[in-house]
Structure formats: structure tokens, C-alpha cells
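File shown here: run-v4.cif, holding mmCIF, C-alpha atoms and all ligand atoms.
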```
data_start
loop_
_atom_site.label_atom_id
_atom_site.label_comp_id
_atom_site.auth_asym_id
_atom_site.auth_seq_id
_atom_site.Cartn_x
_atom_site.Cartn_y
_atom_site.Cartn_z
CA MET V 1170 -15.29 0.34 6.85
CA ASP V 1171 -15.33 2.23 3.57
CA GLU V 1172 -11.97 3.33 2.25
CA LEU V 1173 -12.09 6.45 0.10
CA VAL V 1174 -9.31 6.86 -2.45
CA PHE V 1175 -8.77 9.76 -4.85
CA LEU V 1176 -7.30 8.42 -8.09
CA LYS V 1177 -5.81 10.62 -10.79
CA LEU V 1178 -5.11 9.38 -14.29
CA GLY V 1179 -2.50 11.76 -15.71
CA GLY V 1180 -3.22 13.53 -18.95
CA SER V 1181 0.23 12.63 -20.28
CA LEU V 1182 -0.64 8.98 -19.82
CA LEU V 1183 -4.11 9.07 -21.40
CA THR V 1184 -3.03 11.19 -24.36
CA ASP V 1185 -0.03 11.60 -26.57
CA LYS V 1186 1.09 14.88 -25.04
CA THR V 1187 3.26 15.81 -28.01
CA ARG V 1188 0.34 15.67 -30.51
CA PRO V 1189 -2.88 17.69 -30.12
CA GLN V 1190 -5.96 15.75 -29.05
CA VAL V 1191 -4.64 12.23 -29.55
CA LEU V 1192 -6.10 9.69 -27.12
CA ARG V 1193 -4.20 6.57 -26.05
CA GLY V 1194 -7.36 4.49 -26.17
CA HIS V 1195 -5.70 1.18 -25.31
CA VAL V 1196 -4.10 2.67 -22.17
CA LEU V 1197 -7.41 4.18 -21.08
CA ALA V 1198 -9.25 0.89 -21.64
CA ARG V 1199 -6.67 -1.09 -19.64
CA LEU V 1200 -6.74 1.37 -16.74
CA ALA V 1201 -10.55 1.35 -16.73
CA ALA V 1202 -10.52 -2.46 -16.58
CA GLU V 1203 -8.03 -2.40 -13.67
CA ILE V 1204 -10.18 0.10 -11.77
CA ALA V 1205 -13.29 -2.01 -12.35
CA ALA V 1206 -11.44 -5.14 -11.18
CA ALA V 1207 -10.29 -3.37 -7.98
CA LEU V 1208 -13.84 -2.22 -7.21
CA ARG V 1209 -15.11 -5.77 -7.71
CA ALA V 1210 -12.37 -7.20 -5.48
CA CYS V 1211 -12.93 -4.65 -2.66
CA PRO V 1212 -16.59 -3.90 -1.97
CA ASP V 1213 -15.58 -1.26 0.62
CA LEU V 1214 -13.42 0.70 -1.82
CA ARG V 1215 -14.85 4.10 -2.81
CA LEU V 1216 -13.20 6.13 -5.55
CA VAL V 1217 -13.21 9.72 -6.70
CA ILE V 1218 -11.53 9.60 -10.09
CA GLY V 1219 -9.90 12.65 -11.65
CA HIS V 1220 -8.06 12.90 -14.92
CA GLY V 1221 -5.77 15.41 -16.54
CA SER V 1222 -6.11 17.01 -19.93
CA GLY V 1223 -2.87 16.10 -21.67
CA SER V 1224 -2.80 17.20 -25.29
CA PHE V 1225 -6.50 18.08 -25.18
CA GLY V 1226 -6.70 21.03 -22.74
CA HIS V 1227 -3.03 21.94 -22.38
CA VAL V 1228 -2.41 22.69 -26.06
CA THR V 1229 -5.48 24.93 -26.39
CA ALA V 1230 -4.91 26.58 -22.99
CA SER V 1231 -1.34 27.37 -23.92
CA ARG V 1232 -2.39 28.85 -27.28
CA TYR V 1233 -4.76 31.32 -25.56
CA GLY V 1234 -2.72 31.79 -22.34
CA THR V 1235 -5.84 30.81 -20.37
CA ARG V 1236 -4.00 29.99 -17.11
CA ALA V 1237 -2.63 33.54 -16.86
CA GLY V 1238 -6.02 35.18 -17.36
CA VAL V 1239 -8.95 35.73 -19.71
CA TYR V 1240 -9.65 39.33 -20.71
CA THR V 1241 -10.29 39.82 -24.45
CA PRO V 1242 -13.19 38.39 -26.51
CA GLU V 1243 -10.62 36.22 -28.29
CA GLN V 1244 -9.38 34.87 -24.94
CA TRP V 1245 -12.96 34.14 -23.82
CA ARG V 1246 -13.48 32.12 -26.99
CA GLY V 1247 -10.30 30.29 -26.03
CA TYR V 1248 -11.71 29.70 -22.54
CA ALA V 1249 -14.80 28.08 -24.06
CA GLU V 1250 -12.62 26.05 -26.41
CA VAL V 1251 -10.43 24.73 -23.55
CA ALA V 1252 -13.59 23.79 -21.63
CA ARG V 1253 -14.90 21.99 -24.70
CA VAL V 1254 -11.79 19.89 -25.39
CA ALA V 1255 -11.29 19.09 -21.68
CA ALA V 1256 -14.90 17.86 -21.56
CA GLU V 1257 -14.31 15.89 -24.75
CA LEU V 1258 -11.52 13.88 -23.10
CA ASN V 1259 -13.76 13.48 -20.05
CA ARG V 1260 -16.48 12.00 -22.27
CA LEU V 1261 -13.99 9.44 -23.60
CA ALA V 1262 -12.78 8.62 -20.06
CA VAL V 1263 -16.28 8.20 -18.64
CA ASN V 1264 -17.28 6.04 -21.61
CA ALA V 1265 -14.28 3.76 -21.08
CA LEU V 1266 -14.98 3.50 -17.35
CA ALA V 1267 -18.65 2.70 -17.95
CA GLU V 1268 -17.77 0.09 -20.57
CA ALA V 1269 -15.46 -1.58 -18.04
CA GLY V 1270 -18.29 -1.68 -15.51
CA VAL V 1271 -17.44 1.32 -13.28
CA PRO V 1272 -20.57 3.31 -12.27
CA ALA V 1273 -18.91 6.54 -13.38
CA LEU V 1274 -20.70 9.89 -12.96
CA ARG V 1275 -19.12 12.87 -14.72
CA LEU V 1276 -19.06 16.10 -12.75
CA GLN V 1277 -17.88 19.21 -14.54
CA PRO V 1278 -15.60 21.20 -12.18
CA SER V 1279 -16.06 24.51 -14.05
CA ALA V 1280 -19.82 24.37 -13.37
CA SER V 1281 -19.16 25.50 -9.78
CA ALA V 1282 -15.44 26.35 -9.46
CA LEU V 1283 -14.40 29.91 -8.54
CA CYS V 1284 -10.78 31.04 -8.26
CA HIS V 1285 -9.05 34.06 -6.77
CA ASP V 1286 -5.93 35.02 -8.75
CA GLY V 1287 -5.33 31.47 -9.90
CA GLU V 1288 -6.16 29.80 -6.60
CA LEU V 1289 -9.22 27.60 -6.28
CA ARG V 1290 -11.51 29.09 -3.62
CA THR V 1291 -14.85 27.33 -4.17
CA LEU V 1292 -16.05 24.12 -5.73
CA ASP V 1293 -19.35 22.47 -4.83
CA GLU V 1294 -18.50 19.12 -3.27
CA ARG V 1295 -22.13 18.17 -2.58
CA PRO V 1296 -22.77 16.35 -5.89
CA ILE V 1297 -19.59 14.34 -5.27
CA VAL V 1298 -20.63 13.44 -1.72
CA ALA V 1299 -24.10 12.42 -2.95
CA ALA V 1300 -22.67 10.32 -5.78
CA LEU V 1301 -20.39 8.46 -3.34
CA ALA V 1302 -23.27 7.90 -0.91
CA HIS V 1303 -25.24 6.23 -3.67
CA GLY V 1304 -22.46 3.91 -4.78
CA LEU V 1305 -21.41 5.89 -7.84
CA THR V 1306 -17.86 6.81 -8.85
CA PRO V 1307 -17.62 10.57 -9.47
CA VAL V 1308 -15.24 11.61 -12.24
CA VAL V 1309 -13.74 15.13 -12.25
CA TYR V 1310 -11.03 16.57 -14.47
CA GLY V 1311 -8.64 19.46 -15.05
CA ASP V 1312 -10.83 22.26 -16.39
CA VAL V 1313 -11.27 26.01 -16.83
CA ALA V 1314 -12.59 28.07 -13.90
CA LEU V 1315 -13.89 31.59 -13.40
CA ASP V 1316 -11.52 33.88 -11.50
CA ASP V 1317 -12.47 37.16 -9.76
CA VAL V 1318 -9.05 38.70 -10.55
CA ARG V 1319 -8.06 37.09 -13.86
CA GLY V 1320 -11.49 36.63 -15.39
CA GLY V 1321 -10.80 32.99 -15.99
CA THR V 1322 -8.02 30.48 -15.42
CA ILE V 1323 -7.21 26.75 -15.46
CA ILE V 1324 -7.49 24.34 -12.52
CA SER V 1325 -5.55 21.08 -12.45
CA THR V 1326 -6.85 17.80 -11.09
CA GLU V 1327 -4.38 18.12 -8.20
CA GLU V 1328 -5.85 21.51 -7.29
CA ILE V 1329 -9.34 20.01 -7.36
CA PHE V 1330 -8.17 17.10 -5.16
CA ARG V 1331 -6.53 19.54 -2.76
CA TRP V 1332 -9.83 21.39 -2.40
CA LEU V 1333 -11.87 18.20 -1.96
CA ALA V 1334 -9.55 16.24 0.35
CA PRO V 1335 -10.16 18.13 3.65
CA ARG V 1336 -13.90 18.03 2.85
CA LEU V 1337 -14.20 14.35 1.86
CA ASN V 1338 -11.43 12.87 4.04
CA PRO V 1339 -9.83 10.32 1.69
CA ARG V 1340 -7.50 7.71 3.16
CA ARG V 1341 -5.23 7.79 0.12
CA VAL V 1342 -4.51 9.71 -3.06
CA VAL V 1343 -3.03 7.77 -5.98
CA LEU V 1344 -1.57 9.69 -8.93
CA VAL V 1345 -0.99 7.57 -12.01
CA GLY V 1346 1.42 8.98 -14.57
CA GLU V 1347 3.82 7.97 -17.28
CA VAL V 1348 6.90 7.75 -15.07
CA ALA V 1349 7.65 5.33 -12.22
CA GLY V 1350 7.08 8.05 -9.61
CA VAL V 1351 8.80 11.33 -8.81
CA LEU V 1352 12.28 11.26 -10.35
CA THR V 1353 15.33 13.38 -9.51
CA ALA V 1354 15.54 14.56 -13.15
CA ASP V 1355 12.99 15.35 -15.83
CA PRO V 1356 12.85 12.35 -18.24
CA ALA V 1357 12.55 14.82 -21.15
CA SER V 1358 15.91 16.39 -20.25
CA GLY V 1359 17.76 13.22 -21.26
CA VAL V 1360 19.33 12.93 -17.80
CA ARG V 1361 18.54 9.64 -16.10
CA GLY V 1362 16.77 10.50 -12.86
CA GLU V 1363 16.41 8.26 -9.87
CA LEU V 1364 13.15 7.36 -8.22
CA VAL V 1365 12.47 9.28 -5.02
CA ALA V 1366 10.85 6.80 -2.64
CA GLU V 1367 9.59 9.24 0.00
CA ILE V 1368 8.81 12.99 0.03
CA THR V 1369 7.88 15.04 3.12
CA PRO V 1370 7.73 18.83 3.65
CA ALA V 1371 11.29 18.59 5.05
CA THR V 1372 12.77 16.92 1.95
CA LEU V 1373 10.98 19.02 -0.71
CA PRO V 1374 13.45 21.95 -0.90
CA HIS V 1375 16.33 19.58 -1.82
CA LEU V 1376 14.21 18.06 -4.55
CA ALA V 1377 12.70 21.20 -6.06
CA GLN V 1378 15.84 22.14 -7.96
CA ALA V 1379 16.25 18.73 -9.51
CA LEU V 1380 12.61 18.29 -10.50
CA GLY V 1381 11.96 19.62 -13.96
CA GLY V 1382 8.79 20.37 -15.88
CA SER V 1383 6.87 17.73 -17.77
CA ARG V 1384 6.96 16.47 -21.32
CA GLY V 1385 5.06 18.45 -23.96
CA ILE V 1386 3.10 21.56 -23.04
CA ASP V 1387 1.93 21.79 -19.43
CA VAL V 1388 0.23 25.01 -18.38
CA THR V 1389 -0.32 23.91 -14.78
CA GLY V 1390 3.35 23.80 -13.78
CA GLY V 1391 4.57 20.23 -14.31
CA MET V 1392 5.84 17.89 -11.63
CA VAL V 1393 7.17 20.47 -9.12
CA ALA V 1394 3.77 22.14 -8.87
CA LYS V 1395 2.02 18.79 -8.54
CA VAL V 1396 4.32 17.62 -5.69
CA ALA V 1397 3.88 20.93 -3.83
CA GLU V 1398 0.12 20.64 -4.28
CA MET V 1399 0.15 17.09 -2.89
CA LEU V 1400 2.22 18.09 0.15
CA ALA V 1401 -0.27 20.86 0.89
CA LEU V 1402 -3.08 18.36 0.50
CA ALA V 1403 -1.41 15.89 2.87
CA GLN V 1404 -0.87 18.61 5.48
CA ALA V 1405 -4.50 19.77 5.25
CA THR V 1406 -6.04 16.28 5.44
CA PRO V 1407 -5.60 14.43 8.77
CA SER V 1408 -7.42 11.33 7.43
CA LEU V 1409 -4.79 10.86 4.72
CA ALA V 1410 -2.16 8.13 5.08
CA ALA V 1411 -0.22 9.02 1.93
CA VAL V 1412 -0.21 10.24 -1.63
CA GLN V 1413 1.29 7.62 -3.93
CA VAL V 1414 2.71 8.52 -7.37
CA ILE V 1415 2.93 5.46 -9.62
CA SER V 1416 3.43 4.48 -13.23
CA GLY V 1417 0.45 3.72 -15.40
CA TRP V 1418 2.62 1.79 -17.85
CA VAL V 1419 3.01 -1.28 -15.63
CA PRO V 1420 0.04 -3.56 -16.34
CA GLY V 1421 -1.74 -4.52 -13.11
CA LEU V 1422 -0.08 -1.89 -10.91
CA VAL V 1423 -3.11 0.39 -10.57
CA ARG V 1424 -5.25 -2.57 -9.57
CA ALA V 1425 -2.60 -3.82 -7.12
CA VAL V 1426 -2.21 -0.44 -5.42
CA LEU V 1427 -5.96 0.14 -5.20
CA VAL V 1428 -6.57 -3.30 -3.72
CA ASP V 1429 -3.63 -3.28 -1.29
CA PRO V 1430 -2.76 -0.05 0.58
CA THR V 1431 0.57 -1.56 1.63
CA HIS V 1432 1.67 -2.31 -1.93
CA ARG V 1433 5.04 -0.57 -2.35
CA ALA V 1434 5.52 1.21 -5.66
CA GLY V 1435 6.58 4.62 -6.89
CA THR V 1436 6.86 7.65 -4.62
CA ARG V 1437 5.08 8.16 -1.29
CA ILE V 1438 4.31 11.77 -0.34
CA THR V 1439 3.30 12.32 3.27
CA ALA V 1440 2.86 15.21 5.68
CA GLY V 1441 5.77 13.77 7.67
CA ARG V 1442 3.70 13.39 10.85
CA VAL V 1443 5.10 10.83 13.29
C1 LIG V 1501 -5.04 20.54 -16.83
O1 LIG V 1501 -5.32 19.62 -15.84
C2 LIG V 1501 -6.33 21.19 -17.27
C3 LIG V 1501 -6.30 21.88 -18.56
C4 LIG V 1501 -5.25 22.22 -19.25
C5 LIG V 1501 -7.63 22.22 -19.12
P1 LIG V 1501 -4.16 18.70 -15.21
O2 LIG V 1501 -3.00 19.56 -14.81
O3 LIG V 1501 -4.82 17.89 -14.14
O4 LIG V 1501 -3.79 17.78 -16.45
P2 LIG V 1501 -2.47 16.91 -16.80
O5 LIG V 1501 -2.50 15.67 -15.98
O6 LIG V 1501 -1.26 17.77 -16.46
O7 LIG V 1501 -2.62 16.66 -18.26
#
```

Represent the structure contained in this file as C-alpha cells.
Amino acid sequence: MDELVFLKLGGSLLTDKTRPQVLRGHVLARLAAEIAAALRACPDLRLVIGHGSGSFGHVTASRYGTRAGVYTPEQWRGYAEVARVAAELNRLAVNALAEAGVPALRLQPSASALCHDGELRTLDERPIVAALAHGLTPVVYGDVALDDVRGGTIISTEEIFRWLAPRLNPRRVVLVGEVAGVLTADPASGVRGELVAEITPATLPHLAQALGGSRGIDVTGGMVAKVAEMLALAQATPSLAAVQVISGWVPGLVRAVLVDPTHRAGTRITAGRV
């Protein structure tokens, strides 16, 4: 039986988040090769790939305050600029995936996304469903979106996954980042955090205080927001076994986790159902 997995490649992993629009091409190429190898090893594996924006979208979005709203002509130019640089990173990601042999199909979230006061309310999942049905690997990404209260805003890959999960019924979500999983302290704070092996709705409040933001500029709320988003996703998606947060720095780990659902690594986020 087909196993559908949502896989996010974090923007802080694919780019140097402290320098505007700098791609880590070697990291992207390695991850693309691991994804291609996993698809070859498991003919039943189906992937929806999403990627963040790192120092492409976040820097521009922060300059124009796009997440908070888009009202003035200057801010609308900023909106278009964020969309352009986010799509630019997507072009690089899709190229790398295609070169590695993944049948990647780019789908631009902002082409159909509509938000209400910062919350994603609509996104057309039909092109994604069709792509999967025909053996393709759809690729989405953190993007701008129209908003009926704020004019425009920013949607993260996690928010897109949260919208898609109850509609596509993935078995797993794998988030690949630059840290080993969810840590009890922000690596940028200098405090050495410990890896949190398991997160459920019951354990989140204890963690929320300890979890900091993320390195560089992050307009979509850093790690706390991403964990909360993933818990909501898990609770809304009965088909889902777990969300796994893993490091993209360990060569072979993405392949291992994709190929083997029981492979233990990083942090597991679940709805806590028994
Ligand atoms: C951010 O998307 C989108 C933009 C700033 C345009 P994500 O929240 O998914 O990106 P990363 O992983 O934090 O970079």
C-alpha cells in the first residue's frame, strides 16, 4: 500500500540564514540525492515535499513587514518581491531534485492560497492530488498569500502542511532542519539544550517557555510556532502516525527515515492518542 509522507526541508538548512539569498548548494544536492535514493528503494513511497525560505523570503518579508499585513503601494511591491525570491529558491530546489532523479513538480502556494487575518483558509489541493496520482512529487514552499483582513501575509510550509494533511491523509510528516530535533534551548542563545524525544499536546506547555526562536530572521515564529502547528496537524489528521523532526546535517539520515518508519531519530510529535 502506498505510504504518503510530507517532507519539509527547512529554509535554515538550505540557505545561510544569516546572509541574504545565499544557497547551501552542496546541502541541497545531498538531500535531493537522499530523497531520490529513498524513492528508488521504496516504490510505494509517495512524497509531498515542502521547503522553507531561509534567507531568501524571510529577509525580504521582514524588511517590508509582510507577515503583519500589506497595505501601502510600497508594501505591495514588497509582497511581490517576497514572492519572487521565495520562488527563486523553489526553482533551485526543484532543479536539484530533478537533477537527482526526483519527478518534482513545482506548485506555487500563493497561486490559490487565501488567508483570514494570518490564518490559511483555502489552498487548492487538487493539483497536488493529481500530481501524486500520476507518480509525480509535488513541491510546495513557504510563500506570500492574499488575506481578506491584512491584504497580504506570509504562509509557512508548516501552515501549508497543516492545511493539506487532513485532506491528503499522510502517514508521516518529516521536518528536516539544522538541529538534531526540538531542543530545550535555542542553539543561538548559547545555552546547550537537550533533545526532546517526544512531544504531545500534554507536554507542550512545559516546553513552550524553554523553546526559543530560530537563528537569523524568522517572520513565521520560529520553533515554538512550528511545534504548535505540527501538534494541531497531528490532532486534525487521524491517518498520521507521527511528525518527526530531524537533522539535515547527518548524511544518510533523511534517506534512512524515509525508508524506515521505525528509524529512531530526533523528536517525535504525536497527538498523544493511545
Ligand atoms: C517562510 O516559510 C516563507 C517566507 C518567508 C516567504 P517557512 O517558515 O516554511 O520557512 P523557513 O523554513 O522558516 O525558512

Restricting to all atoms listed in the file, whichever of V:Ala1302, V:Met1392, V:Leu1266, V:Val1343 is closest to ligand LIG 1501 (chain V) is V:Met1392

Requested in this report: Fewer than 2 positions away in the same chain doesn't count, so skip those; otherwise give me all residues within 8 Å of V:Gln1413, counting all atoms listed in the file, as a ChimeraX atom specification.
Outcome: /V:1341-1344,1411,1415,1434-1438

Quick one: write out the picked residues with C-alpha atoms as a tab-separated table (two decimals), keeping the file's coordinate frame?
```
chain	number	residue	atom	x	y	z
V	1341	ARG	CA	-5.23	7.79	0.12
V	1342	VAL	CA	-4.51	9.71	-3.06
V	1343	VAL	CA	-3.03	7.77	-5.98
V	1344	LEU	CA	-1.57	9.69	-8.93
V	1411	ALA	CA	-0.22	9.02	1.93
V	1415	ILE	CA	2.93	5.46	-9.62
V	1434	ALA	CA	5.52	1.21	-5.66
V	1435	GLY	CA	6.58	4.62	-6.89
V	1436	THR	CA	6.86	7.65	-4.62
V	1437	ARG	CA	5.08	8.16	-1.29
V	1438	ILE	CA	4.31	11.77	-0.34
```

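Between V:Trp1245 and the candidates V:Pro1374, V:Pro1430, V:Gly1359, V:Gly1320, the tightest atom-to-atom separation, counting only C-alpha atoms, involves V:Gly1320.
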
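The coordinates place atom CA of V:Asp1171 at 25.8 Å from atom CA of V:Pro1420.
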
- Could you tell me, counting only C-alpha atoms and all ligand atoms, which protein and nucleic acid residues lie no more than 8 Å from ligand LIG 1501 (chain V), written as a count of residues only? 40

I'd like the neighbourhood of V:Val1298 as number ranges by chain, where a residue qualifies if any of its atoms comes within 10 Å (using all atoms listed in the file), though same-chain residues fewer than 6 positions away should be ignored. V: 1217, 1305, 1307, 1333, 1336-1337

Students should find that atom CA of V:Thr1353 and atom CA of V:Glu1367 are spaced 11.9 Å

Which residues are close to V:Ala1210, i.e. within 10 Å by all atoms listed in the file, leaving aside same-chain residues fewer than 5 positions away? Reply as a list in words.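 Within the cut-off, the hits are Ile1204, Ala1205, Arg1424, Leu1427 and Val1428 of chain V.
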
- Task: Figure out the distance between atom CA of V:Asp1293 and atom CA of V:Leu1208, please, to one decimal in Å.
- Result: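 So the answer is 25.4 Å.
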
Exercise. Using only C-alpha atoms, which residues sit within 9 Å of V:Ala1280 once same-chain residues fewer than 2 positions away are excluded, as number ranges by chain?
Worked result: V: 1276-1278, 1282, 1292-1293, 1314

task: Pick out the closest residue to V:Leu1402 from this set: V:Thr1241, V:Thr1322, V:Arg1433, V:Pro1339. Count only C-alpha atoms.
output: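 Answer, going by the shortest atom-to-atom distance: V:Pro1339.
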
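Across V:Leu1400, V:Val1318, V:Ala1201, V:Ala1299, the tightest approach to V:Ala1267 is made by V:Ala1201 when counting only C-alpha atoms.
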
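Shortest separation to V:Ala1403 among V:Gln1244, V:Thr1431, V:Thr1184, V:Thr1369 occurs at residue V:Thr1369, atoms counted being all atoms listed in the file.
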
For V:Ala1354, which residue out of V:Gly1421, V:Arg1260, V:Val1393, V:Tyr1240 is the nearest one, using only C-alpha atoms?
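Ranked by minimum distance to V:Ala1354, first place goes to V:Val1393.
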